[in-house]
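J.: Provided below: my_file_31.cif, containing mmCIF, C-alpha atoms.
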data_model
loop_
_atom_site.label_atom_id
_atom_site.label_comp_id
_atom_site.auth_asym_id
_atom_site.auth_seq_id
_atom_site.Cartn_x
_atom_site.Cartn_y
_atom_site.Cartn_z
CA MET M 1017 -31.82 77.08 244.46
CA GLY M 1018 -28.16 76.43 245.37
CA LYS M 1019 -25.16 76.63 243.12
CA LYS M 1020 -24.74 73.99 240.45
CA VAL M 1021 -22.09 71.30 240.89
CA ALA M 1022 -19.62 70.12 238.26
CA VAL M 1023 -18.05 66.70 238.81
CA VAL M 1024 -14.64 66.53 237.13
CA VAL M 1025 -13.12 63.10 236.53
CA GLY M 1026 -9.34 63.33 236.54
CA GLY M 1027 -7.05 65.45 238.67
CA SER M 1028 -4.23 66.00 236.20
CA VAL M 1029 -3.55 69.37 234.55
CA ALA M 1030 -6.67 69.19 232.36
CA GLY M 1031 -8.93 68.30 235.29
CA LEU M 1032 -7.56 70.97 237.60
CA ALA M 1033 -7.79 73.54 234.81
CA CYS M 1034 -11.48 72.65 234.30
CA ALA M 1035 -12.01 72.93 238.06
CA HIS M 1036 -10.54 76.45 238.08
CA ALA M 1037 -12.66 77.47 235.10
CA ALA M 1038 -15.93 76.08 236.44
CA ALA M 1039 -15.35 77.60 239.87
CA GLY M 1040 -14.64 80.93 238.20
CA ALA M 1041 -18.02 80.64 236.49
CA GLY M 1042 -19.75 80.36 239.85
CA TRP M 1043 -20.05 76.59 240.09
CA ASP M 1044 -19.06 74.29 242.93
CA VAL M 1045 -16.66 71.56 241.77
CA VAL M 1046 -15.79 68.06 242.93
CA VAL M 1047 -12.71 66.43 241.37
CA LEU M 1048 -12.30 62.65 241.43
CA GLU M 1049 -8.68 61.49 241.19
CA LYS M 1050 -7.35 57.97 241.80
CA ALA M 1051 -3.89 59.14 242.93
CA ALA M 1052 -3.61 59.12 246.70
CA ALA M 1053 -2.33 62.69 246.93
CA ALA M 1054 -1.11 65.61 244.88
CA ALA M 1055 2.37 65.21 243.43
CA ALA M 1056 4.97 66.91 245.59
CA GLY M 1057 7.42 69.20 243.85
CA GLY M 1058 8.36 69.03 240.18
CA GLY M 1059 9.67 65.50 239.95
CA THR M 1060 6.69 64.02 238.16
CA GLY M 1061 6.34 64.05 234.39
CA ALA M 1062 8.53 66.03 232.03
CA GLY M 1063 8.68 69.32 230.18
CA LEU M 1064 5.99 71.15 228.23
CA GLY M 1065 5.67 74.28 226.11
CA LEU M 1066 2.96 76.84 226.80
CA ASP M 1067 1.65 79.34 224.25
CA ALA M 1068 0.78 82.95 225.04
CA GLN M 1069 -2.93 82.22 225.37
CA SER M 1070 -2.29 79.45 227.92
CA MET M 1071 0.12 81.65 229.85
CA GLU M 1072 -2.52 84.38 230.10
CA THR M 1073 -5.18 81.92 231.21
CA LEU M 1074 -2.94 80.25 233.79
CA ALA M 1075 -1.98 83.66 235.18
CA SER M 1076 -5.67 84.31 235.85
CA TRP M 1077 -5.82 81.18 238.01
CA ILE M 1078 -2.33 81.00 239.57
CA PRO M 1079 -1.03 84.04 241.49
CA GLY M 1080 2.28 85.20 240.06
CA TRP M 1081 2.30 82.76 237.13
CA GLY M 1082 4.51 84.15 234.39
CA LEU M 1083 6.01 86.74 236.69
CA ASP M 1084 8.17 84.29 238.66
CA THR M 1085 10.74 81.62 237.79
CA ALA M 1086 8.25 78.85 236.97
CA THR M 1087 8.83 79.21 233.21
CA LEU M 1088 11.63 80.00 230.79
CA PRO M 1089 11.31 81.58 227.34
CA LEU M 1090 11.09 79.55 224.15
CA ALA M 1091 11.36 82.54 221.88
CA VAL M 1092 12.97 80.62 219.01
CA ASP M 1093 11.69 77.56 217.11
CA LEU M 1094 14.77 76.04 215.43
CA ASN M 1095 14.80 72.99 213.15
CA ARG M 1096 18.19 71.56 212.17
CA ALA M 1097 19.35 68.62 210.06
CA THR M 1098 22.00 66.33 211.54
CA ASP M 1099 24.30 64.23 209.37
CA SER M 1100 24.75 61.02 211.36
CA GLU M 1101 28.04 60.26 209.57
CA THR M 1102 29.82 63.57 210.14
CA LYS M 1103 27.68 64.72 213.12
CA ALA M 1104 27.45 68.15 211.48
CA ALA M 1105 24.23 70.16 211.86
CA ARG M 1106 22.74 72.67 209.43
CA THR M 1107 19.81 74.98 209.97
CA LEU M 1108 16.64 74.09 208.10
CA VAL M 1109 14.29 76.79 209.36
CA ARG M 1110 14.36 79.27 212.21
CA ASP M 1111 11.45 81.25 213.69
CA ASP M 1112 12.53 84.02 216.07
CA GLY M 1113 8.93 84.94 216.93
CA PHE M 1114 7.81 81.63 218.40
CA GLY M 1115 6.90 83.13 221.77
CA PHE M 1116 6.23 80.03 223.91
CA ARG M 1117 7.35 79.39 227.51
CA ALA M 1118 8.87 76.20 228.92
CA ALA M 1119 7.61 74.67 232.16
CA HIS M 1120 7.84 71.40 234.04
CA TRP M 1121 4.63 69.37 234.19
CA GLY M 1122 5.03 68.75 237.93
CA ASP M 1123 5.54 72.44 238.68
CA LEU M 1124 2.41 73.42 236.73
CA HIS M 1125 0.30 70.71 238.34
CA ARG M 1126 1.42 71.65 241.84
CA ARG M 1127 0.73 75.34 241.28
CA LEU M 1128 -2.72 74.64 239.82
CA HIS M 1129 -3.57 72.51 242.84
CA GLU M 1130 -2.26 75.00 245.40
CA ALA M 1131 -4.28 77.81 243.80
CA LEU M 1132 -7.63 76.00 243.72
CA PRO M 1133 -10.42 78.21 245.13
CA PRO M 1134 -12.59 77.13 248.09
CA ALA M 1135 -15.41 76.10 245.73
CA VAL M 1136 -13.30 73.12 244.58
CA ALA M 1137 -12.99 69.87 246.53
CA VAL M 1138 -10.46 67.30 245.29
CA LEU M 1139 -11.20 63.73 246.37
CA TRP M 1140 -7.79 62.09 246.20
CA GLY M 1141 -7.70 58.31 246.19
CA HIS M 1142 -11.08 58.05 244.45
CA GLN M 1143 -11.03 55.90 241.32
CA PHE M 1144 -13.87 56.68 238.94
CA LEU M 1145 -15.98 53.64 238.04
CA SER M 1146 -19.11 54.74 236.19
CA PHE M 1147 -21.74 57.42 235.78
CA GLU M 1148 -25.45 57.72 235.17
CA ALA M 1149 -27.07 60.79 233.61
CA HIS M 1150 -30.69 61.76 234.11
CA GLY M 1151 -32.85 64.76 233.37
CA GLY M 1152 -31.79 66.59 236.51
CA GLY M 1153 -28.07 65.83 236.54
CA VAL M 1154 -25.44 63.11 236.83
CA VAL M 1155 -24.27 60.62 239.45
CA ALA M 1156 -20.64 59.51 239.35
CA THR M 1157 -19.62 56.36 241.22
CA ALA M 1158 -16.06 56.01 242.50
CA ARG M 1159 -14.11 53.48 244.53
CA VAL M 1160 -12.15 54.71 247.54
CA VAL M 1161 -8.74 53.20 246.86
CA ARG M 1162 -7.72 52.90 250.51
CA THR M 1163 -10.86 51.13 251.76
CA GLY M 1164 -12.44 49.62 248.66
CA GLU M 1165 -15.84 51.14 249.41
CA THR M 1166 -17.87 52.81 246.67
CA VAL M 1167 -19.32 56.30 246.89
CA ASP M 1168 -21.70 58.29 244.71
CA VAL M 1169 -21.10 61.95 243.86
CA THR M 1170 -24.08 63.87 242.49
CA GLY M 1171 -23.77 66.89 240.24
CA ASP M 1172 -25.36 68.85 237.44
CA LEU M 1173 -22.52 68.29 234.97
CA LEU M 1174 -19.82 65.64 234.44
CA VAL M 1175 -16.52 66.72 232.87
CA ALA M 1176 -14.42 63.82 231.58
CA ALA M 1177 -10.79 64.90 231.92
CA ASP M 1178 -9.52 61.37 232.41
CA GLY M 1179 -6.81 61.33 229.77
CA ALA M 1180 -6.14 59.83 226.36
CA ALA M 1181 -7.36 56.39 227.46
CA SER M 1182 -10.58 57.90 228.90
CA SER M 1183 -13.01 55.27 230.16
CA ILE M 1184 -15.84 57.79 229.80
CA ARG M 1185 -15.02 58.36 226.14
CA ARG M 1186 -14.91 54.60 225.59
CA ARG M 1187 -18.43 54.32 226.97
CA LEU M 1188 -19.72 57.16 224.81
CA LEU M 1189 -17.80 56.18 221.67
CA PRO M 1190 -17.01 52.45 221.98
CA ASP M 1191 -15.89 52.18 218.35
CA LEU M 1192 -13.32 55.01 218.57
CA LYS M 1193 -9.86 53.51 218.97
CA LEU M 1194 -6.51 55.06 219.73
CA ARG M 1195 -4.18 55.01 216.72
CA TYR M 1196 -0.52 54.06 217.18
CA ALA M 1197 1.58 56.72 215.47
CA GLY M 1198 4.29 54.33 214.28
CA TYR M 1199 6.92 55.46 216.76
CA CYS M 1200 7.74 55.91 220.45
CA ALA M 1201 9.56 58.65 222.32
CA TRP M 1202 12.45 58.23 224.69
CA ARG M 1203 12.20 61.00 227.28
CA GLY M 1204 14.46 62.34 229.96
CA VAL M 1205 15.04 65.30 232.22
CA PHE M 1206 18.69 66.05 233.03
CA ASP M 1207 19.19 67.86 236.33
CA PHE M 1208 22.33 69.99 236.07
CA ALA M 1209 22.07 71.78 239.42
CA GLY M 1210 25.63 72.17 240.64
CA LYS M 1211 26.94 70.70 237.35
CA GLU M 1212 27.00 73.79 235.11
CA SER M 1213 30.77 73.48 234.64
CA SER M 1214 30.68 69.73 233.95
CA ASP M 1215 31.84 68.36 230.60
CA THR M 1216 28.25 67.39 229.80
CA MET M 1217 26.91 70.90 230.30
CA THR M 1218 29.79 72.79 228.72
CA GLY M 1219 29.50 70.50 225.70
CA ILE M 1220 25.75 70.77 225.34
CA ARG M 1221 25.81 74.57 225.67
CA ARG M 1222 28.50 74.71 223.02
CA ALA M 1223 26.46 72.55 220.62
CA TYR M 1224 23.15 74.23 221.55
CA PRO M 1225 24.16 77.80 222.46
CA GLU M 1226 20.61 79.18 222.68
CA LEU M 1227 19.33 76.82 225.38
CA GLY M 1228 17.18 78.80 227.79
CA ASN M 1229 15.57 80.70 224.90
CA CYS M 1230 15.19 78.15 222.11
CA LEU M 1231 13.17 75.04 221.23
CA TYR M 1232 15.60 72.81 219.33
CA PHE M 1233 14.46 70.15 216.85
CA ASP M 1234 17.27 68.02 215.41
CA LEU M 1235 16.24 65.83 212.47
CA ALA M 1236 18.25 62.87 211.21
CA HIS M 1237 17.17 60.18 208.74
CA LYS M 1238 13.73 58.91 209.88
CA THR M 1239 14.11 60.20 213.43
CA HIS M 1240 14.24 63.43 215.40
CA THR M 1241 14.94 64.87 218.84
CA VAL M 1242 13.60 67.79 220.87
CA LEU M 1243 15.71 69.69 223.40
CA TYR M 1244 15.00 72.71 225.59
CA GLU M 1245 15.82 74.08 229.02
CA LEU M 1246 13.43 74.00 231.97
CA PRO M 1247 13.43 76.16 235.09
CA ARG M 1248 15.50 75.13 238.10
CA SER M 1249 18.53 73.83 236.17
CA ARG M 1250 16.97 71.08 234.07
CA LEU M 1251 17.15 70.07 230.41
CA ASN M 1252 14.22 68.27 228.79
CA TRP M 1253 14.88 65.98 225.84
CA LEU M 1254 12.83 63.63 223.67
CA TRP M 1255 13.97 61.22 220.98
CA TYR M 1256 11.38 59.74 218.60
CA THR M 1257 12.17 56.30 217.16
CA ASN M 1258 10.14 54.41 214.55
CA GLY M 1259 9.09 50.84 215.25
CA PRO M 1260 6.27 48.35 215.81
CA GLU M 1261 3.69 49.03 218.51
CA PRO M 1262 4.88 47.78 221.92
CA GLU M 1263 2.65 45.68 224.14
CA LEU M 1264 1.23 47.73 227.00
CA THR M 1265 -0.41 46.68 230.23
CA GLY M 1266 -3.19 48.74 231.76
CA SER M 1267 -4.12 52.19 230.49
CA SER M 1268 -0.70 53.86 230.78
CA VAL M 1269 1.21 54.72 227.61
CA THR M 1270 4.50 55.00 229.52
CA ILE M 1271 7.02 52.15 229.66
CA GLU M 1272 9.58 51.88 232.43
CA ALA M 1273 12.72 51.03 230.49
CA THR M 1274 14.91 48.08 231.46
CA ASP M 1275 18.68 48.41 231.77
CA VAL M 1276 19.07 46.53 228.50
CA MET M 1277 16.69 48.90 226.70
CA VAL M 1278 18.51 51.95 228.04
CA ALA M 1279 21.92 50.57 227.08
CA ARG M 1280 20.78 49.90 223.51
CA MET M 1281 19.21 53.35 223.26
CA ARG M 1282 22.40 55.06 224.46
CA GLU M 1283 24.50 53.08 222.00
CA GLU M 1284 22.20 54.13 219.16
CA ALA M 1285 22.39 57.77 220.29
CA GLU M 1286 26.17 57.62 219.86
CA ARG M 1287 25.66 56.46 216.28
CA VAL M 1288 22.98 58.95 215.24
CA TRP M 1289 23.53 62.21 217.14
CA CYS M 1290 26.36 64.62 217.83
CA PRO M 1291 28.64 63.61 220.74
CA GLU M 1292 27.31 66.39 222.99
CA LEU M 1293 23.70 65.24 222.71
CA ALA M 1294 24.67 61.58 223.00
CA ARG M 1295 26.54 62.37 226.21
CA LEU M 1296 23.53 64.21 227.64
CA VAL M 1297 21.36 61.19 226.86
CA ARG M 1298 23.93 58.87 228.45
CA ASP M 1299 24.16 60.97 231.62
CA THR M 1300 20.40 61.34 232.15
CA ALA M 1301 19.08 59.20 234.99
CA ALA M 1302 15.98 57.03 234.50
CA PRO M 1303 14.95 57.80 230.91
CA PHE M 1304 11.55 56.36 230.03
CA VAL M 1305 9.48 55.58 226.96
CA ASN M 1306 6.17 57.11 225.86
CA VAL M 1307 4.26 55.14 223.25
CA ILE M 1308 2.77 57.74 220.90
CA TYR M 1309 -0.92 57.58 220.11
CA ASP M 1310 -3.63 59.86 218.85
CA ALA M 1311 -7.21 59.36 217.66
CA ASP M 1312 -9.26 60.58 214.74
CA PRO M 1313 -11.20 63.73 215.65
CA LEU M 1314 -14.33 63.07 217.71
CA PRO M 1315 -17.76 63.72 216.20
CA ARG M 1316 -18.83 65.68 219.28
CA LEU M 1317 -17.69 66.78 222.75
CA SER M 1318 -20.93 66.64 224.76
CA TRP M 1319 -23.53 63.96 225.47
CA ALA M 1320 -26.49 63.04 227.65
CA SER M 1321 -28.57 66.13 226.85
CA GLY M 1322 -25.81 68.48 227.87
CA ARG M 1323 -24.79 66.73 231.09
CA VAL M 1324 -21.45 65.19 230.02
CA ALA M 1325 -18.49 66.96 228.41
CA LEU M 1326 -15.07 65.75 227.30
CA ALA M 1327 -12.00 67.91 227.87
CA GLY M 1328 -8.22 67.60 227.57
CA ASP M 1329 -6.70 64.44 226.13
CA ALA M 1330 -10.00 62.63 226.70
CA ALA M 1331 -11.50 64.92 224.06
CA HIS M 1332 -8.61 64.93 221.61
CA PRO M 1333 -5.79 62.39 222.02
CA THR M 1334 -2.95 63.92 220.05
CA THR M 1335 0.65 63.37 219.15
CA PRO M 1336 2.96 65.88 220.85
CA HIS M 1337 4.55 67.50 217.83
CA GLY M 1338 2.63 70.75 217.85
CA LEU M 1339 3.02 71.19 221.63
CA ARG M 1340 -0.76 71.09 221.76
CA SER M 1341 -1.77 68.60 224.48
CA THR M 1342 -1.49 70.93 227.49
CA ASN M 1343 -2.36 74.03 225.47
CA MET M 1344 -5.53 72.42 224.11
CA SER M 1345 -6.43 71.29 227.64
CA VAL M 1346 -6.08 74.81 229.02
CA ALA M 1347 -8.06 76.21 226.07
CA ASP M 1348 -10.81 73.62 226.65
CA ALA M 1349 -11.08 74.64 230.28
CA ARG M 1350 -11.05 78.34 229.47
CA GLU M 1351 -13.83 77.96 226.91
CA LEU M 1352 -15.88 75.69 229.14
CA GLY M 1353 -15.68 78.28 231.90
CA ARG M 1354 -16.73 81.07 229.54
CA CYS M 1355 -19.75 79.12 228.37
CA LEU M 1356 -20.81 78.13 231.89
CA ALA M 1357 -20.47 81.75 233.04
CA ARG M 1358 -22.50 83.03 230.10
CA TRP M 1359 -25.50 80.91 231.08
CA GLY M 1360 -25.24 81.38 234.84
CA ALA M 1361 -24.82 78.85 237.65
CA GLU M 1362 -28.50 78.84 238.60
CA GLU M 1363 -30.20 78.73 235.19
CA PRO M 1364 -31.88 75.27 234.87
CA ALA M 1365 -30.87 74.86 231.22
CA ALA M 1366 -27.34 76.16 231.77
CA PRO M 1367 -25.46 72.85 231.33
CA ALA M 1368 -27.05 71.97 228.00
CA ARG M 1369 -26.72 75.44 226.54
CA ALA M 1370 -23.18 75.91 227.82
CA LEU M 1371 -21.98 72.58 226.45
CA ALA M 1372 -23.59 73.25 223.07
CA GLU M 1373 -21.55 76.46 222.82
CA TYR M 1374 -18.42 74.74 224.12
CA GLU M 1375 -18.67 72.07 221.45
CA VAL M 1376 -19.24 74.55 218.63
CA ALA M 1377 -16.22 76.61 219.72
CA ARG M 1378 -13.74 73.81 220.41
CA LEU M 1379 -14.56 70.94 218.05
CA PRO M 1380 -13.24 72.47 214.79
CA VAL M 1381 -10.12 73.82 216.51
CA VAL M 1382 -9.03 70.59 218.16
CA ALA M 1383 -9.86 68.52 215.07
CA ALA M 1384 -7.61 70.67 212.89
CA GLN M 1385 -4.80 70.70 215.45
CA VAL M 1386 -4.86 66.94 216.06
CA MET M 1387 -4.61 66.21 212.34
CA HIS M 1388 -1.87 68.78 211.81
CA ALA M 1389 0.17 67.34 214.71
CA ARG M 1390 -0.27 63.87 213.20
CA ARG M 1391 1.07 65.05 209.86
CA LEU M 1392 3.95 67.00 211.41
CA GLY M 1393 5.08 63.95 213.37
CA ARG M 1394 5.06 61.73 210.30
CA VAL M 1395 7.02 64.32 208.32
CA LYS M 1396 9.71 64.62 210.99
CA GLN M 1397 9.93 60.83 211.31
CA GLY M 1398 10.31 60.38 207.55
CA LEU M 1399 7.04 58.45 207.26
CA PRO M 1400 4.79 58.81 204.19
CA VAL M 1401 1.96 61.34 204.35
CA ASP M 1402 -0.96 62.13 202.06
CA GLY M 1403 -0.56 58.91 200.10
CA GLU M 1404 3.07 59.55 199.18
CA ALA M 1405 5.25 56.53 198.49
CA GLU M 1406 8.24 58.04 200.31
CA GLY M 1407 8.46 60.17 203.43
CA PHE M 1408 10.30 63.45 203.97
CA ASP M 1409 14.05 62.91 203.55
CA VAL M 1410 15.86 65.41 205.72
CA ARG M 1411 19.14 64.62 204.00
CA LYS M 1412 17.79 66.24 200.82
CA ALA M 1413 15.60 68.91 202.44
CA THR M 1414 15.86 72.52 201.36
CA GLU M 1415 15.06 75.61 203.38
CA GLU M 1416 11.94 76.10 201.26
CA ASP M 1417 10.76 72.57 202.14
CA ALA M 1418 11.35 73.20 205.81
CA VAL M 1419 9.47 76.51 205.97
CA HIS M 1420 6.31 74.84 204.68
CA LEU M 1421 6.64 71.54 206.55
CA LEU M 1422 8.39 72.03 209.87
CA ARG M 1423 7.59 75.37 211.50
CA GLN M 1424 5.46 75.22 214.63
CA ARG M 1425 3.51 78.32 213.59
CA SER M 1426 2.02 76.37 210.67
CA MET M 1427 -0.31 74.82 213.28
CA PRO M 1428 -3.94 75.86 212.61
CA PHE M 1429 -5.14 78.52 215.08
CA PHE M 1430 -1.52 78.99 216.17
CA GLY M 1431 -2.02 82.52 217.44
CA ASP M 1432 -5.45 82.36 219.03
CA ALA M 1433 -8.25 79.82 219.20
CA PRO M 1434 -11.67 81.40 218.67
CA ALA M 1435 -14.24 81.58 221.47
CA ALA M 1436 -17.97 80.96 221.30
CA ALA M 1437 -20.01 83.83 219.87
CA ASP M 1438 -21.14 86.30 222.49
CA ASP M 1439 -24.77 85.92 221.46
CA GLY M 1440 -24.71 82.17 221.96
CA CYS M 1441 -25.10 79.26 219.61
CA VAL M 1442 -28.37 77.70 220.73
#
Can you dump the structure from the file as structure tokens?

T.:
Amino acid sequence: MGKKVAVVVGGSVAGLACAHAAAGAGWDVVVLEKAAAAAAGGGTGAGLGLDAQSMETLASWIPGWGLDTATLPLAVDLNRATDSETKAARTLVRDDGFGFRAAHWGDLHRRLHEALPPAVAVLWGHQFLSFEAHGGGVVATARVVRTGETVDVTGDLLVAADGAASSIRRRLLPDLKLRYAGYCAWRGVFDFAGKESSDTMTGIRRAYPELGNCLYFDLAHKTHTVLYELPRSRLNWLWYTNGPEPELTGSSVTIEATDVMVARMREEAERVWCPELARLVRDTAAPFVNVIYDADPLPRLSWASGRVALAGDAAHPTTPHGLRSTNMSVADARELGRCLARWGAEEPAAPARALAEYEVARLPVVAAQVMHARRLGRVKQGLPVDGEAEGFDVRKATEEDAVHLLRQRSMPFFGDAPAAADDGCV
């Protein structure tokens, strides 16, 4: 009997992480990804924060990860209140033991792809269409984007890592809908290579002196921003703004902003934020908008008698406020790999038993983290939570309020997500 085959749908960070984990468990892996090729360099996407557990896992897959210049420290989690009239900032709560690392999405994706072992084949330009599960395995059907032909890929296990708008999840849970959070995020990455002495950079380092070591959250009335430094001379910023749900086309939650939208946003930044941050926003090329969604926790993570598993944002669409999306994806992959390895790549019942353990280990963790991130986002945006008539008012907030409401380490399972029991769950 040959090695078992895992078919992974989605070649983003979650999909490539699952490919690494399954290959490490002794499985062959085929990844289906509709993009024509791997992203070159770090220009795609934006910044992300990685916890210690993710850093350790990624280092086991990517040679030199954490020992090179691919990440910068986020040792400090700092929440501040900004007075939009005076532009003065005051500290609400500071955590010097945060211990995350900052990376660029494109850099992480590229490194994961380059480090894939020989057991993994990535089929670029293959758009997933459908799957059929049977007693002996699964068959995934994909369309070759370049030619339009359809191909079938047979495996023993299907891993749905096809993002928050997962078509596989929609088939399995047709009544589960994404929930609009009530706000969108303007995002930008400012490249300051060769501009360290510019007015923009000298100003922003004066206003945010711990950049390169600190995750800054600035809260104003019913809005907040995030700012931190990325490797290779880049600053990552986000600005969350409340409003009605925009109309989207297709499955993407990203909006390419028009010149008029950008001009209005920059004008509003001048009104709300300190001049240094407003200037950074003004000088950032091509800012874009993410529409923020999550979903209520899923009732399960595996289907079809242990032949189909959900992972990454397909398994737990979440708001970004706990820096959980990538970290949960890496943790999903790590746990999936552990469970597959525990049951062996040649054991006939391995997929079903492994996925049962995977679900038991991950479901309570991701459910708690998704709901906490939802609450944290509403608090920071001044939106009502827990049936309250009024939301959090940062203008009146005390340090005691902030410690309980705003710190990142209040996230459930902040330090370490539990693994499946060594003696199994089935």

J.: Please enumerate the residues selected by the PyMOL selection byres ((chain M and resi 1330) around 12) when evaluated against the supplied file, formatted as a PyMOL selection string.

T.: chain M and resi 1025-1026+1028+1030-1031+1175-1189+1192-1194+1310-1311+1313-1314+1316-1318+1325-1329+1331-1334+1341-1342+1344-1345+1348+1382

J.: Give me the residues near His1036 of chain M as an NGL selection string, where near means some atom within 12 Å (using only C-alpha atoms) and where sequence neighbours in that chain fewer than 3 positions away do not count.

T.: :M and (1022 or 1024 or 1027 or 1029-1033 or 1039-1047 or 1073-1078 or 1127-1138 or 1346 or 1348-1354)

J.: Kindly give the distance, in Å, that separates atom CA of Pro1291 of chain M and atom CA of Lys1396 of chain M, rounded to a single decimal.

T.: 21.3 Å

J.: When the PyMOL selection byres ((chain M and resi 1235) around 8) is applied to the file above, which residues end up in the set, as a ChimeraX atom specification?

T.: /M:1095-1098,1233-1234,1236-1241,1396,1410

J.: Export C-alpha atoms of the chosen residues as a PDB file, keeping the file's coordinate frame?

T.:
ATOM      1  CA  ASN M1095      14.800  72.990 213.150  1.00  0.00           C
ATOM      2  CA  ARG M1096      18.190  71.560 212.170  1.00  0.00           C
ATOM      3  CA  ALA M1097      19.350  68.620 210.060  1.00  0.00           C
ATOM      4  CA  THR M1098      22.000  66.330 211.540  1.00  0.00           C
ATOM      5  CA  PHE M1233      14.460  70.150 216.850  1.00  0.00           C
ATOM      6  CA  ASP M1234      17.270  68.020 215.410  1.00  0.00           C
ATOM      7  CA  ALA M1236      18.250  62.870 211.210  1.00  0.00           C
ATOM      8  CA  HIS M1237      17.170  60.180 208.740  1.00  0.00           C
ATOM      9  CA  LYS M1238      13.730  58.910 209.880  1.00  0.00           C
ATOM     10  CA  THR M1239      14.110  60.200 213.430  1.00  0.00           C
ATOM     11  CA  HIS M1240      14.240  63.430 215.400  1.00  0.00           C
ATOM     12  CA  THR M1241      14.940  64.870 218.840  1.00  0.00           C
ATOM     13  CA  LYS M1396       9.710  64.620 210.990  1.00  0.00           C
ATOM     14  CA  VAL M1410      15.860  65.410 205.720  1.00  0.00           C
TER      15      VAL M1410
END

J.: Can you spell out as number ranges by chain the set of residues that the PyMOL selection byres ((chain M and resi 1085) around 12) selects in the structure I just provided?

T.: M: 1080-1084, 1086-1089, 1117-1120, 1123-1124, 1246-1249

J.: Determine, counting all atoms listed in the file, every residue of protein, DNA or RNA that lies within 12 Å of (9.8, 74.5, 208.8) in the file coordinates, then give the result as a PyMOL selection string.

T.: chain M and resi 1093-1097+1107-1111+1233-1235+1392+1395-1396+1410+1413-1427

J.: What's the separation between atom CA of Gly1151 of chain M and atom CA of Leu1174 of chain M, in Å to one decimal place?

T.: 13.1 Å
